[in-house]
>>> print(open('start20.tsv').read())   # TSV, C-alpha atoms
chain	number	residue	atom	x	y	z
C	1	MET	CA	111.08	69.46	56.95
C	2	LYS	CA	112.67	68.44	60.24
C	3	ILE	CA	114.46	71.82	60.43
C	4	TRP	CA	111.19	73.73	60.03
C	5	SER	CA	109.55	71.57	62.72
C	6	ARG	CA	112.39	72.30	65.13
C	7	LEU	CA	112.16	76.04	64.39
C	8	VAL	CA	108.41	76.02	65.06
C	9	LEU	CA	108.92	74.21	68.35
C	10	LEU	CA	111.69	76.64	69.35
C	11	ALA	CA	109.46	79.61	68.53
C	12	LEU	CA	106.62	78.20	70.60
C	13	ALA	CA	108.93	77.57	73.56
C	14	THR	CA	110.38	81.08	73.35
C	15	THR	CA	106.90	82.62	73.21
C	16	SER	CA	105.85	80.59	76.23
C	17	MET	CA	108.90	81.74	78.21
C	18	VAL	CA	108.36	85.42	77.33
C	19	GLY	CA	104.72	85.17	78.34
C	20	CYS	CA	105.76	83.93	81.77
C	21	LEU	CA	108.11	86.82	82.54
C	22	ARG	CA	106.88	89.13	85.29
C	23	ASP	CA	107.61	92.72	86.15
C	24	ASP	CA	110.56	93.06	88.53
C	25	ASP	CA	108.41	94.85	91.11
C	26	GLU	CA	105.90	92.01	91.36
C	27	PRO	CA	106.35	89.27	93.98
C	28	THR	CA	107.06	85.94	92.37
C	29	LEU	CA	103.90	83.84	92.25
C	30	PRO	CA	104.50	80.70	94.31
C	31	SER	CA	103.74	77.23	92.97
C	32	ARG	CA	101.57	76.73	96.05
C	33	PRO	CA	99.85	79.24	98.35
C	34	ILE	CA	102.15	80.87	100.91
C	35	SER	CA	101.01	82.12	104.30
C	36	ARG	CA	104.07	82.94	106.41
C	37	LEU	CA	103.90	85.10	109.50
C	38	TYR	CA	107.14	86.63	110.80
C	39	ILE	CA	107.02	87.59	114.48
C	40	SER	CA	109.50	89.92	116.23
C	41	THR	CA	109.90	89.59	120.00
C	42	SER	CA	111.34	92.10	122.44
C	43	GLU	CA	113.31	90.06	125.00
C	44	TYR	CA	117.09	90.24	125.16
C	45	GLN	CA	119.47	88.34	127.40
C	46	PRO	CA	123.19	88.72	126.63
C	47	THR	CA	125.34	85.62	126.81
C	48	ASN	CA	129.09	85.11	127.06
C	49	ASN	CA	129.49	85.48	123.31
C	50	THR	CA	127.39	88.68	123.33
C	51	GLN	CA	124.65	87.09	121.25
C	52	GLY	CA	121.08	87.56	122.39
C	53	LEU	CA	118.04	85.34	122.37
C	54	GLU	CA	116.06	84.15	119.40
C	55	ASN	CA	113.82	87.04	118.47
C	56	VAL	CA	112.27	86.25	115.07
C	57	TYR	CA	109.78	83.42	114.79
C	58	LEU	CA	108.09	82.03	111.68
C	59	VAL	CA	104.64	80.46	111.56
C	60	GLU	CA	103.80	78.57	108.36
C	61	PRO	CA	101.06	78.26	107.31
C	62	ALA	CA	99.64	81.09	109.38
C	63	ASP	CA	96.13	80.51	108.02
C	64	ALA	CA	95.97	76.84	109.02
C	65	GLU	CA	93.05	75.75	111.17
C	66	LEU	CA	95.42	75.28	114.10
C	67	PHE	CA	97.47	78.41	114.78
C	68	ASP	CA	99.68	77.01	117.52
C	69	THR	CA	103.06	75.92	116.15
C	70	ILE	CA	106.33	77.73	115.48
C	71	SER	CA	107.86	76.50	112.22
C	72	ARG	CA	111.28	78.14	112.55
C	73	ARG	CA	113.07	80.50	114.91
C	74	PHE	CA	116.01	82.82	114.32
C	75	ARG	CA	118.55	84.70	116.42
C	76	THR	CA	119.12	88.05	114.75
C	77	ASN	CA	121.66	90.69	115.71
C	78	ALA	CA	118.98	92.95	117.19
C	79	LEU	CA	119.43	93.37	120.94
C	80	GLY	CA	115.75	92.68	121.47
C	81	GLY	CA	113.51	92.96	118.43
C	82	SER	CA	110.94	95.64	117.68
C	83	ALA	CA	109.25	96.29	114.32
C	84	VAL	CA	109.55	93.76	111.51
C	85	VAL	CA	108.58	93.94	107.84
C	86	TYR	CA	109.07	91.47	105.01
C	87	SER	CA	109.07	92.40	101.31
C	88	PRO	CA	108.37	89.50	98.92
C	89	GLU	CA	109.28	91.78	96.00
C	90	ALA	CA	112.83	92.31	97.28
C	91	GLN	CA	113.02	89.09	99.34
C	92	LEU	CA	114.26	91.16	102.27
C	93	LEU	CA	113.29	91.29	105.93
C	94	PHE	CA	113.96	94.37	108.08
C	95	GLN	CA	113.90	94.37	111.90
C	96	SER	CA	114.46	97.36	114.18
C	97	GLY	CA	116.03	97.13	117.61
C	98	GLN	CA	114.02	97.54	120.80
C	99	ASN	CA	116.67	99.88	122.29
C	100	VAL	CA	115.33	99.41	125.82
C	101	ARG	CA	117.24	96.69	127.69
C	102	ALA	CA	120.40	97.35	125.68
C	103	VAL	CA	121.51	100.24	123.49
C	104	ASP	CA	120.60	99.26	119.95
C	105	ASN	CA	120.14	102.01	117.37
C	106	SER	CA	119.96	99.61	114.47
C	107	ILE	CA	117.79	98.18	111.72
C	108	GLN	CA	118.84	94.68	110.74
C	109	VAL	CA	118.62	93.67	107.07
C	110	TYR	CA	118.19	90.00	106.12
C	111	SER	CA	117.80	88.13	102.85
C	112	VAL	CA	115.03	85.55	102.88
C	113	ASP	CA	115.14	82.12	101.30
C	114	THR	CA	111.77	82.14	99.54
C	115	LEU	CA	111.60	78.34	99.48
C	116	ARG	CA	111.88	77.88	103.25
C	117	GLY	CA	111.47	81.40	104.63
C	118	SER	CA	114.83	81.25	106.43
C	119	LEU	CA	117.02	84.32	107.07
C	120	ALA	CA	120.59	85.26	106.16
C	121	GLN	CA	122.32	88.48	107.27
C	122	ARG	CA	122.49	91.01	104.43
C	123	GLY	CA	123.57	94.17	106.26
C	124	VAL	CA	122.74	96.55	109.08
C	125	ILE	CA	121.78	100.22	109.37
C	126	THR	CA	122.92	102.02	112.51
C	127	SER	CA	122.41	105.62	113.57
C	128	GLU	CA	122.05	107.30	116.94
C	129	LEU	CA	118.96	108.97	115.51
C	130	LEU	CA	117.16	105.61	115.52
C	131	THR	CA	116.01	105.56	119.13
C	132	ALA	CA	112.41	104.31	119.02
C	133	VAL	CA	111.53	102.70	115.69
C	134	ARG	CA	108.31	100.79	116.39
C	135	SER	CA	107.12	100.53	112.79
C	136	LEU	CA	108.82	99.86	109.46
C	137	VAL	CA	107.53	100.09	105.88
C	138	TYR	CA	109.44	99.19	102.73
C	139	HIS	CA	108.40	100.55	99.33
C	140	PRO	CA	109.92	98.27	96.68
C	141	ASN	CA	109.20	100.40	93.60
C	142	ARG	CA	111.43	103.19	94.91
C	143	ASP	CA	113.62	101.05	97.18
C	144	LEU	CA	112.77	103.19	100.21
C	145	LEU	CA	112.62	102.09	103.85
C	146	PHE	CA	110.42	104.26	106.10
C	147	ALA	CA	111.33	104.29	109.80
C	148	PRO	CA	109.02	106.40	111.98
C	149	ASN	CA	110.91	107.27	115.18
C	150	SER	CA	108.38	107.86	117.96
C	151	ALA	CA	110.70	109.72	120.34
C	152	ALA	CA	112.37	113.09	120.55
C	153	ALA	CA	115.62	113.42	118.66
C	154	PRO	CA	118.82	113.36	120.76
C	155	THR	CA	119.89	116.80	121.94
C	156	GLY	CA	123.37	118.22	121.69
C	157	THR	CA	126.09	117.10	119.34
C	158	ILE	CA	125.73	113.53	118.11
C	159	PRO	CA	129.18	111.96	117.60
C	160	THR	CA	128.31	110.33	114.29
C	161	ILE	CA	126.79	113.50	112.84
C	162	SER	CA	128.91	116.47	111.87
C	163	PRO	CA	127.69	119.66	113.61
C	164	THR	CA	127.64	121.34	110.19
C	165	SER	CA	125.53	118.63	108.61
C	166	VAL	CA	122.02	119.62	107.56
C	167	MET	CA	120.84	116.49	109.35
C	168	ALA	CA	122.02	118.06	112.62
C	169	GLN	CA	120.46	121.46	112.00
C	170	VAL	CA	116.89	120.38	112.65
C	171	GLY	CA	116.58	121.55	116.23
C	172	ALA	CA	114.29	120.05	118.85
C	173	THR	CA	111.73	117.57	117.56
C	174	GLN	CA	109.04	115.48	119.22
C	175	SER	CA	109.48	112.71	116.65
C	176	ASP	CA	110.84	112.18	113.13
C	177	LEU	CA	110.15	110.19	110.01
C	178	TYR	CA	113.44	108.80	108.72
C	179	VAL	CA	113.72	107.35	105.23
C	180	TYR	CA	116.57	105.25	103.84
C	181	ARG	CA	117.13	104.85	100.13
C	182	ARG	CA	118.60	101.53	98.92
C	183	PRO	CA	118.60	100.16	102.50
C	184	SER	CA	119.96	96.74	101.53
C	185	SER	CA	123.23	98.37	100.44
C	186	LYS	CA	123.92	99.74	103.95
C	187	ASN	CA	126.22	97.96	106.36
C	188	GLY	CA	127.19	100.05	109.35
C	189	ILE	CA	126.76	103.64	110.51
C	190	SER	CA	124.48	105.40	108.05
C	191	LEU	CA	122.53	108.62	108.30
C	192	PRO	CA	118.98	108.59	106.93
C	193	THR	CA	118.70	109.69	103.33
C	194	TYR	CA	115.74	111.90	104.23
C	195	ARG	CA	114.38	113.29	107.46
C	196	ILE	CA	110.90	114.75	107.97
C	197	PRO	CA	110.79	116.37	111.44
C	198	PHE	CA	107.69	116.72	113.63
C	199	THR	CA	107.94	119.34	116.37
C	200	ASN	CA	104.50	119.02	117.99
C	201	ARG	CA	103.33	115.43	117.49
C	202	THR	CA	104.48	111.84	117.77
C	203	VAL	CA	104.55	109.72	114.63
C	204	TYR	CA	103.78	106.04	115.18
C	205	ALA	CA	103.13	104.10	111.98
C	206	LEU	CA	102.46	104.41	108.27
C	207	PHE	CA	101.56	102.50	105.15
C	208	VAL	CA	101.90	103.30	101.45
C	209	HIS	CA	99.00	102.53	99.11
C	210	ASP	CA	99.83	102.33	95.41
C	211	LEU	CA	96.93	103.79	93.45
C	212	SER	CA	98.12	102.82	89.98
C	213	ILE	CA	97.37	99.48	88.39
C	214	ARG	CA	100.08	99.98	85.77
C	215	PRO	CA	103.65	99.01	86.76
C	216	GLU	CA	105.15	101.92	84.81
C	217	GLU	CA	103.15	104.44	86.87
C	218	THR	CA	104.11	105.34	90.40
C	219	ARG	CA	101.14	107.18	91.90
C	220	ASN	CA	100.79	106.40	95.59
C	221	ARG	CA	99.44	107.77	98.83
C	222	THR	CA	101.23	107.56	102.18
C	223	TYR	CA	99.24	107.47	105.43
C	224	VAL	CA	101.04	108.42	108.66
C	225	SER	CA	99.43	107.99	112.09
C	226	THR	CA	100.31	110.74	114.59
C	227	TYR	CA	99.23	111.77	118.07
C	228	ASN	CA	99.52	114.84	120.26
C	229	SER	CA	97.87	115.87	123.51
C	230	SER	CA	94.66	116.92	121.78
C	231	SER	CA	94.12	114.76	118.70
C	232	THR	CA	94.84	111.58	116.79
C	233	ASP	CA	95.42	112.37	113.12
C	234	ILE	CA	96.32	110.37	110.04
C	235	LEU	CA	98.40	112.63	107.80
C	236	VAL	CA	98.02	111.80	104.12
C	237	TYR	CA	100.70	112.57	101.53
C	238	ASN	CA	100.13	112.17	97.80
C	239	GLU	CA	103.16	110.72	95.99
C	240	LEU	CA	105.49	111.19	98.95
C	241	THR	CA	107.94	108.65	97.54
C	242	GLU	CA	108.29	110.72	94.36
C	243	LYS	CA	108.73	113.97	96.28
C	244	LEU	CA	111.57	112.38	98.23
C	245	VAL	CA	113.53	110.68	95.46
C	246	ASN	CA	113.31	113.74	93.21
C	247	SER	CA	114.82	116.06	95.84
C	248	PRO	CA	118.49	116.36	96.85
C	249	ASP	CA	117.62	117.80	100.28
C	250	SER	CA	118.18	115.56	103.28
C	251	VAL	CA	115.88	117.40	105.69
C	252	ARG	CA	112.43	118.00	104.29
C	253	ARG	CA	110.61	120.74	106.17
C	254	ASP	CA	108.69	121.72	103.06
C	255	ILE	CA	106.71	118.49	102.70
C	256	ASN	CA	103.29	118.96	104.22
C	257	PRO	CA	100.34	116.55	104.18
C	258	ASP	CA	97.86	116.96	101.35
C	259	PHE	CA	95.02	116.33	103.77
C	260	THR	CA	94.38	115.13	107.32
C	261	LEU	CA	92.01	112.47	108.63
C	262	SER	CA	91.19	113.17	112.27
C	263	VAL	CA	90.04	110.28	114.47
C	264	PRO	CA	88.49	111.99	117.53
C	265	THR	CA	87.40	108.72	119.19
C	266	ALA	CA	90.89	107.17	119.14
C	267	ARG	CA	94.30	107.64	120.69
C	268	ASN	CA	97.82	106.75	119.51
C	269	LEU	CA	97.22	104.37	116.60
C	270	THR	CA	100.26	102.14	117.10
C	271	SER	CA	100.01	100.36	113.75
C	272	MET	CA	98.00	100.30	110.53
C	273	ALA	CA	97.48	97.75	107.76
C	274	TYR	CA	95.48	98.04	104.56
C	275	SER	CA	93.78	95.58	102.20
C	276	PRO	CA	93.21	96.95	98.67
C	277	THR	CA	91.04	93.92	97.95
C	278	LEU	CA	88.52	94.95	100.62
C	279	ASP	CA	89.44	98.66	100.74
C	280	LEU	CA	89.74	98.09	104.46
C	281	MET	CA	92.16	99.76	106.88
C	282	VAL	CA	92.81	98.09	110.22
C	283	ALA	CA	94.58	99.89	113.08
C	284	THR	CA	95.61	99.03	116.62
C	285	GLU	CA	95.20	101.43	119.51
C	286	ALA	CA	97.09	101.15	122.79
C	287	PRO	CA	96.20	103.86	125.33
C	288	VAL	CA	98.59	103.90	128.27
C	289	GLY	CA	97.10	102.05	131.24
C	290	SER	CA	93.94	100.97	129.40
C	291	PRO	CA	93.08	97.93	127.28
C	292	GLY	CA	93.83	98.28	123.60
C	293	ARG	CA	91.46	98.09	120.67
C	294	ILE	CA	91.41	97.07	117.01
C	295	LEU	CA	89.71	99.58	114.70
C	296	PHE	CA	88.26	98.82	111.25
C	297	PHE	CA	87.69	101.53	108.62
C	298	ASN	CA	85.65	100.51	105.55
C	299	GLU	CA	86.02	102.10	102.08
C	300	PHE	CA	89.13	103.82	103.33
C	301	SER	CA	90.47	105.03	99.98
C	302	LYS	CA	87.35	107.16	99.45
C	303	HIS	CA	88.65	109.74	101.93
C	304	THR	CA	90.34	112.32	99.70
C	305	GLY	CA	90.20	115.51	101.76
C	306	ASP	CA	90.28	116.88	105.31
C	307	SER	CA	87.65	115.12	107.41
C	308	GLN	CA	86.82	113.48	110.69
C	309	ILE	CA	86.48	109.71	110.51
C	310	ALA	CA	85.30	107.04	112.92
C	311	PRO	CA	85.83	103.29	112.87
C	312	ASP	CA	83.01	101.23	111.37
C	313	ARG	CA	83.79	98.37	113.74
C	314	VAL	CA	85.83	97.92	116.91
C	315	ILE	CA	87.19	94.85	118.69
C	316	SER	CA	87.71	95.44	122.42
C	317	GLY	CA	86.87	94.11	125.86
C	318	GLY	CA	88.04	91.29	128.09
C	319	GLN	CA	87.07	88.47	125.74
C	320	SER	CA	89.34	89.96	123.07
C	321	GLN	CA	92.38	89.44	125.36
C	322	LEU	CA	93.80	92.73	124.05
C	323	GLY	CA	96.27	94.50	126.29
C	324	SER	CA	98.77	96.66	124.43
C	325	PRO	CA	98.56	95.79	120.71
C	326	SER	CA	101.60	97.13	118.86
C	327	SER	CA	101.46	95.67	115.34
C	328	VAL	CA	98.80	94.37	112.94
C	329	SER	CA	99.07	92.51	109.64
C	330	ILE	CA	96.23	91.60	107.29
C	331	ASP	CA	95.94	88.86	104.68
C	332	LYS	CA	95.31	90.79	101.45
C	333	ARG	CA	94.44	87.87	99.19
C	334	GLU	CA	91.04	87.35	97.63
C	335	GLY	CA	89.02	85.18	99.99
C	336	ALA	CA	91.36	85.60	102.98
C	337	GLN	CA	89.78	86.07	106.38
C	338	TYR	CA	92.41	86.71	109.07
C	339	ILE	CA	94.25	89.57	110.72
C	340	TYR	CA	97.19	89.03	113.08
C	341	VAL	CA	97.98	91.25	116.07
C	342	ALA	CA	101.13	91.35	118.23
C	343	ASN	CA	99.90	91.97	121.75
C	344	ALA	CA	101.43	92.43	125.23
C	345	SER	CA	99.50	91.84	128.45
C	346	VAL	CA	100.94	94.85	130.41
C	347	ASP	CA	99.14	93.68	133.58
C	348	ILE	CA	95.68	94.26	132.10
C	349	SER	CA	93.10	91.74	133.30
C	350	GLY	CA	92.26	89.16	130.64
C	351	ALA	CA	95.08	90.22	128.32
C	352	VAL	CA	97.77	87.86	127.04
C	353	SER	CA	101.22	88.31	125.57
C	354	GLY	CA	101.09	86.62	122.21
C	355	VAL	CA	99.89	86.87	118.63
C	356	LEU	CA	96.10	87.08	118.42
C	357	ARG	CA	94.40	85.94	115.22
C	358	PHE	CA	90.98	87.43	114.50
C	359	ASN	CA	88.55	87.04	111.63
C	360	ILE	CA	88.37	90.06	109.33
C	361	ASN	CA	84.64	90.31	110.07
C	362	ASP	CA	84.95	90.25	113.88
C	363	GLU	CA	83.41	92.98	115.99
C	364	GLY	CA	82.79	93.89	119.61
C	365	GLY	CA	83.95	91.84	122.58
C	366	VAL	CA	84.71	88.76	120.51
C	367	ALA	CA	87.45	86.31	121.48
C	368	PRO	CA	90.35	85.72	119.06
C	369	ASN	CA	89.98	82.97	116.49
C	370	ALA	CA	93.29	81.63	117.82
C	371	VAL	CA	96.13	82.70	120.13
C	372	LEU	CA	99.80	81.86	119.68
C	373	GLN	CA	101.97	82.29	122.77
C	374	ILE	CA	105.75	81.86	122.77
C	375	ALA	CA	107.18	80.86	126.14
C	376	GLY	CA	109.28	83.64	127.61
C	377	ARG	CA	108.70	85.99	124.68
C	378	THR	CA	106.60	89.10	124.04
C	379	PRO	CA	105.63	89.57	120.37
C	380	VAL	CA	105.83	93.23	119.37
C	381	GLY	CA	105.91	93.08	115.57
C	382	VAL	CA	104.23	90.94	112.90
C	383	SER	CA	104.62	90.83	109.12
C	384	LEU	CA	102.63	88.49	106.88
C	385	ASP	CA	103.83	87.07	103.58
C	386	ALA	CA	100.61	85.80	101.95
C	387	ARG	CA	100.70	85.00	98.23
C	388	GLY	CA	99.04	82.70	95.77
C	389	THR	CA	95.42	81.71	95.30
C	390	ILE	CA	93.71	80.24	98.33
C	391	PRO	CA	92.45	76.78	97.31
C	392	GLU	CA	88.68	76.46	97.23
C	393	ASP	CA	88.83	73.01	98.81
C	394	GLY	CA	90.44	74.51	101.89
C	395	GLY	CA	93.84	72.79	101.66
C	396	GLY	CA	93.97	72.52	105.44
C	397	SER	CA	92.85	76.13	105.91
C	398	ASP	CA	89.51	77.77	106.46
C	399	THR	CA	89.00	79.70	103.24
C	400	THR	CA	85.54	81.20	103.61
C	401	ARG	CA	85.42	84.32	101.43
C	402	ALA	CA	85.68	87.48	103.51
C	403	THR	CA	83.13	90.23	103.18
C	404	VAL	CA	83.22	93.42	105.23
C	405	ARG	CA	80.18	94.18	107.34
C	406	ARG	CA	78.79	97.64	106.74
C	407	ARG	CA	76.61	99.68	109.03
>>> encode(input="start20.tsv", output="structure tokens")
Amino acid sequence: MKIWSRLVLLALATTSMVGCLRDDDEPTLPSRPISRLYISTSEYQPTNNTQGLENVYLVEPADAELFDTISRRFRTNALGGSAVVYSPEAQLLFQSGQNVRAVDNSIQVYSVDTLRGSLAQRGVITSELLTAVRSLVYHPNRDLLFAPNSAAAPTGTIPTISPTSVMAQVGATQSDLYVYRRPSSKNGISLPTYRIPFTNRTVYALFVHDLSIRPEETRNRTYVSTYNSSSTDILVYNELTEKLVNSPDSVRRDINPDFTLSVPTARNLTSMAYSPTLDLMVATEAPVGSPGRILFFNEFSKHTGDSQIAPDRVISGGQSQLGSPSSVSIDKREGAQYIYVANASVDISGAVSGVLRFNINDEGGVAPNAVLQIAGRTPVGVSLDARGTIPEDGGGSDTTRATVRRR
């Protein structure tokens, strides 16, 4: 009788363990809500040991009532940071180099301690093609790192690229979309796995929206913001990740957008973020010499063909403190209410260099909900790790359920 009782208990325990297993592509659900904001800053000051300044800062929790304290700070190997993106699925953080004050054609790869959010060097990707990476996107299902390079490709023979390589036979470009497969396995000079050249427009940012709710399916849509002298366009590619991984070609001239969303009232969308929960796309705009704006597009996934679109709401004006916003991140959880914007003052009256936190419902000349400034630093990239259910009792955070205003 005792043996049967033990077998029953063992069976129940095994069933419970199996029921708790999650798909490998899903971020691990935390035991408590997580709201961690990683901030990349651009300053670089070499020292005697050739190491630069701290250039990644962590705010936790980012959705606390007071948004004014740095939890941790890190000195990465970037010679001045630029874009930053964290993937909870892979527990990896990627940071591109600013490549302005010092030559730095790199993307740093760091493992993240999910308990504390701290960083450990995992590898580095370097290539002389990576001259102006101001946005990064990682797609965990296909292990692809997208690196839009918003500058013309180097001319002439590049030492690290063989003149006979297909990667060198592209010709003059205005910008390029570089894609690395299995980026965490790189550690040193590495050519992009794929290259999509743009000869007549500058590519700034992108995001990938997975359309499938089943983990075994891989349908997705990639949105790429571009700008030329006459128009701001969001190029939309259906299943771009599949088209890339199923092709042996390094340079992809044959991949064209499935449709284009033109935004005639905007210029150079420097970053984009999307919330599937709200079907809301948020973009930053930074016209040269003019104050920046934050643009909100409702029901964004309903655009499925060529069309002109306009923002449903805009944040702008002196009260907003926007100068040159370069990166936006949105809390995608049910009931979340904040967006976070990396912003530089660039000598615009009323603007500040810092991270501006706005409510998702904000509109017009509204002031930020909170401003985080880091002495001697200019935030240029933000990436939010927000997981877990927001407690209804607040838990030290303002958890009013977000709803999107519609006109």
>>> residues_near_point(input="start20.tsv", point="(118.9, 111.5, 118.4)", cutoff="12 Å", atoms="only C-alpha atoms", output="PDB file with C-alpha atoms, in the coordinates of the input")
ATOM      1  CA  ASN C 105     120.140 102.010 117.370  1.00  0.00           C
ATOM      2  CA  THR C 126     122.920 102.020 112.510  1.00  0.00           C
ATOM      3  CA  SER C 127     122.410 105.620 113.570  1.00  0.00           C
ATOM      4  CA  GLU C 128     122.050 107.300 116.940  1.00  0.00           C
ATOM      5  CA  LEU C 129     118.960 108.970 115.510  1.00  0.00           C
ATOM      6  CA  LEU C 130     117.160 105.610 115.520  1.00  0.00           C
ATOM      7  CA  THR C 131     116.010 105.560 119.130  1.00  0.00           C
ATOM      8  CA  ALA C 132     112.410 104.310 119.020  1.00  0.00           C
ATOM      9  CA  VAL C 133     111.530 102.700 115.690  1.00  0.00           C
ATOM     10  CA  ASN C 149     110.910 107.270 115.180  1.00  0.00           C
ATOM     11  CA  SER C 150     108.380 107.860 117.960  1.00  0.00           C
ATOM     12  CA  ALA C 151     110.700 109.720 120.340  1.00  0.00           C
ATOM     13  CA  ALA C 152     112.370 113.090 120.550  1.00  0.00           C
ATOM     14  CA  ALA C 153     115.620 113.420 118.660  1.00  0.00           C
ATOM     15  CA  PRO C 154     118.820 113.360 120.760  1.00  0.00           C
ATOM     16  CA  THR C 155     119.890 116.800 121.940  1.00  0.00           C
ATOM     17  CA  GLY C 156     123.370 118.220 121.690  1.00  0.00           C
ATOM     18  CA  THR C 157     126.090 117.100 119.340  1.00  0.00           C
ATOM     19  CA  ILE C 158     125.730 113.530 118.110  1.00  0.00           C
ATOM     20  CA  PRO C 159     129.180 111.960 117.600  1.00  0.00           C
ATOM     21  CA  THR C 160     128.310 110.330 114.290  1.00  0.00           C
ATOM     22  CA  ILE C 161     126.790 113.500 112.840  1.00  0.00           C
ATOM     23  CA  MET C 167     120.840 116.490 109.350  1.00  0.00           C
ATOM     24  CA  ALA C 168     122.020 118.060 112.620  1.00  0.00           C
ATOM     25  CA  GLN C 169     120.460 121.460 112.000  1.00  0.00           C
ATOM     26  CA  VAL C 170     116.890 120.380 112.650  1.00  0.00           C
ATOM     27  CA  GLY C 171     116.580 121.550 116.230  1.00  0.00           C
ATOM     28  CA  ALA C 172     114.290 120.050 118.850  1.00  0.00           C
ATOM     29  CA  THR C 173     111.730 117.570 117.560  1.00  0.00           C
ATOM     30  CA  GLN C 174     109.040 115.480 119.220  1.00  0.00           C
ATOM     31  CA  SER C 175     109.480 112.710 116.650  1.00  0.00           C
ATOM     32  CA  ASP C 176     110.840 112.180 113.130  1.00  0.00           C
ATOM     33  CA  TYR C 178     113.440 108.800 108.720  1.00  0.00           C
ATOM     34  CA  LEU C 191     122.530 108.620 108.300  1.00  0.00           C
ATOM     35  CA  PRO C 192     118.980 108.590 106.930  1.00  0.00           C
ATOM     36  CA  ARG C 195     114.380 113.290 107.460  1.00  0.00           C
ATOM     37  CA  PRO C 197     110.790 116.370 111.440  1.00  0.00           C
TER      38      PRO C 197
END
>>> atom_distance(input="start20.tsv", atom1="CA of Val85 (chain C)", atom2="CA of Asn369 (chain C)")
23.3 Å
>>> closest_residue(input="start20.tsv", among="C:His139, C:His209, C:Arg72, C:Arg36", to="Glu60 (chain C)", atoms="all atoms listed in the file")
C:Arg36
>>> residues_around(input="start20.tsv", residues="Leu384 (chain C)", least_positions_apart="5", cutoff="9 Å", atoms="all atoms listed in the file", output="JSON list (two decimals) with C-alpha atoms, in the frame of the given file")
[["chain", "number", "residue", "atom", "x", "y", "z"],
["C", 35, "SER", "CA", 101.01, 82.12, 104.30],
["C", 36, "ARG", "CA", 104.07, 82.94, 106.41],
["C", 37, "LEU", "CA", 103.90, 85.10, 109.50],
["C", 38, "TYR", "CA", 107.14, 86.63, 110.80],
["C", 39, "ILE", "CA", 107.02, 87.59, 114.48],
["C", 62, "ALA", "CA", 99.64, 81.09, 109.38],
["C", 85, "VAL", "CA", 108.58, 93.94, 107.84],
["C", 86, "TYR", "CA", 109.07, 91.47, 105.01],
["C", 329, "SER", "CA", 99.07, 92.51, 109.64],
["C", 330, "ILE", "CA", 96.23, 91.60, 107.29],
["C", 331, "ASP", "CA", 95.94, 88.86, 104.68],
["C", 340, "TYR", "CA", 97.19, 89.03, 113.08]]
>>> residues_around(input="start20.tsv", residues="Arg357 (chain C)", least_positions_apart="4", cutoff="7 Å", atoms="all atoms listed in the file", output="PyMOL selection string")
chain C and resi 338-341+368-371
>>> write_last_selection(input="start20.tsv", atoms="C-alpha atoms", output="mmCIF file, in the coordinates of the input")
data_model
loop_
_atom_site.group_PDB
_atom_site.id
_atom_site.type_symbol
_atom_site.label_atom_id
_atom_site.label_comp_id
_atom_site.auth_asym_id
_atom_site.auth_seq_id
_atom_site.Cartn_x
_atom_site.Cartn_y
_atom_site.Cartn_z
ATOM 1 C CA TYR C 338 92.410 86.710 109.070
ATOM 2 C CA ILE C 339 94.250 89.570 110.720
ATOM 3 C CA TYR C 340 97.190 89.030 113.080
ATOM 4 C CA VAL C 341 97.980 91.250 116.070
ATOM 5 C CA PRO C 368 90.350 85.720 119.060
ATOM 6 C CA ASN C 369 89.980 82.970 116.490
ATOM 7 C CA ALA C 370 93.290 81.630 117.820
ATOM 8 C CA VAL C 371 96.130 82.700 120.130
#
>>> residues_around(input="start20.tsv", residues="Val112 (chain C)", least_positions_apart="3", cutoff="10 Å", atoms="all atoms listed in the file", output="VMD selection string")
chain C and resid 86 to 88 90 to 93 109 115 to 122
>>> closest_residue(input="start20.tsv", among="C:Ser106, C:Ser316, C:Ser231, C:Thr226", to="Leu269 (chain C)", atoms="only C-alpha atoms")
C:Thr226
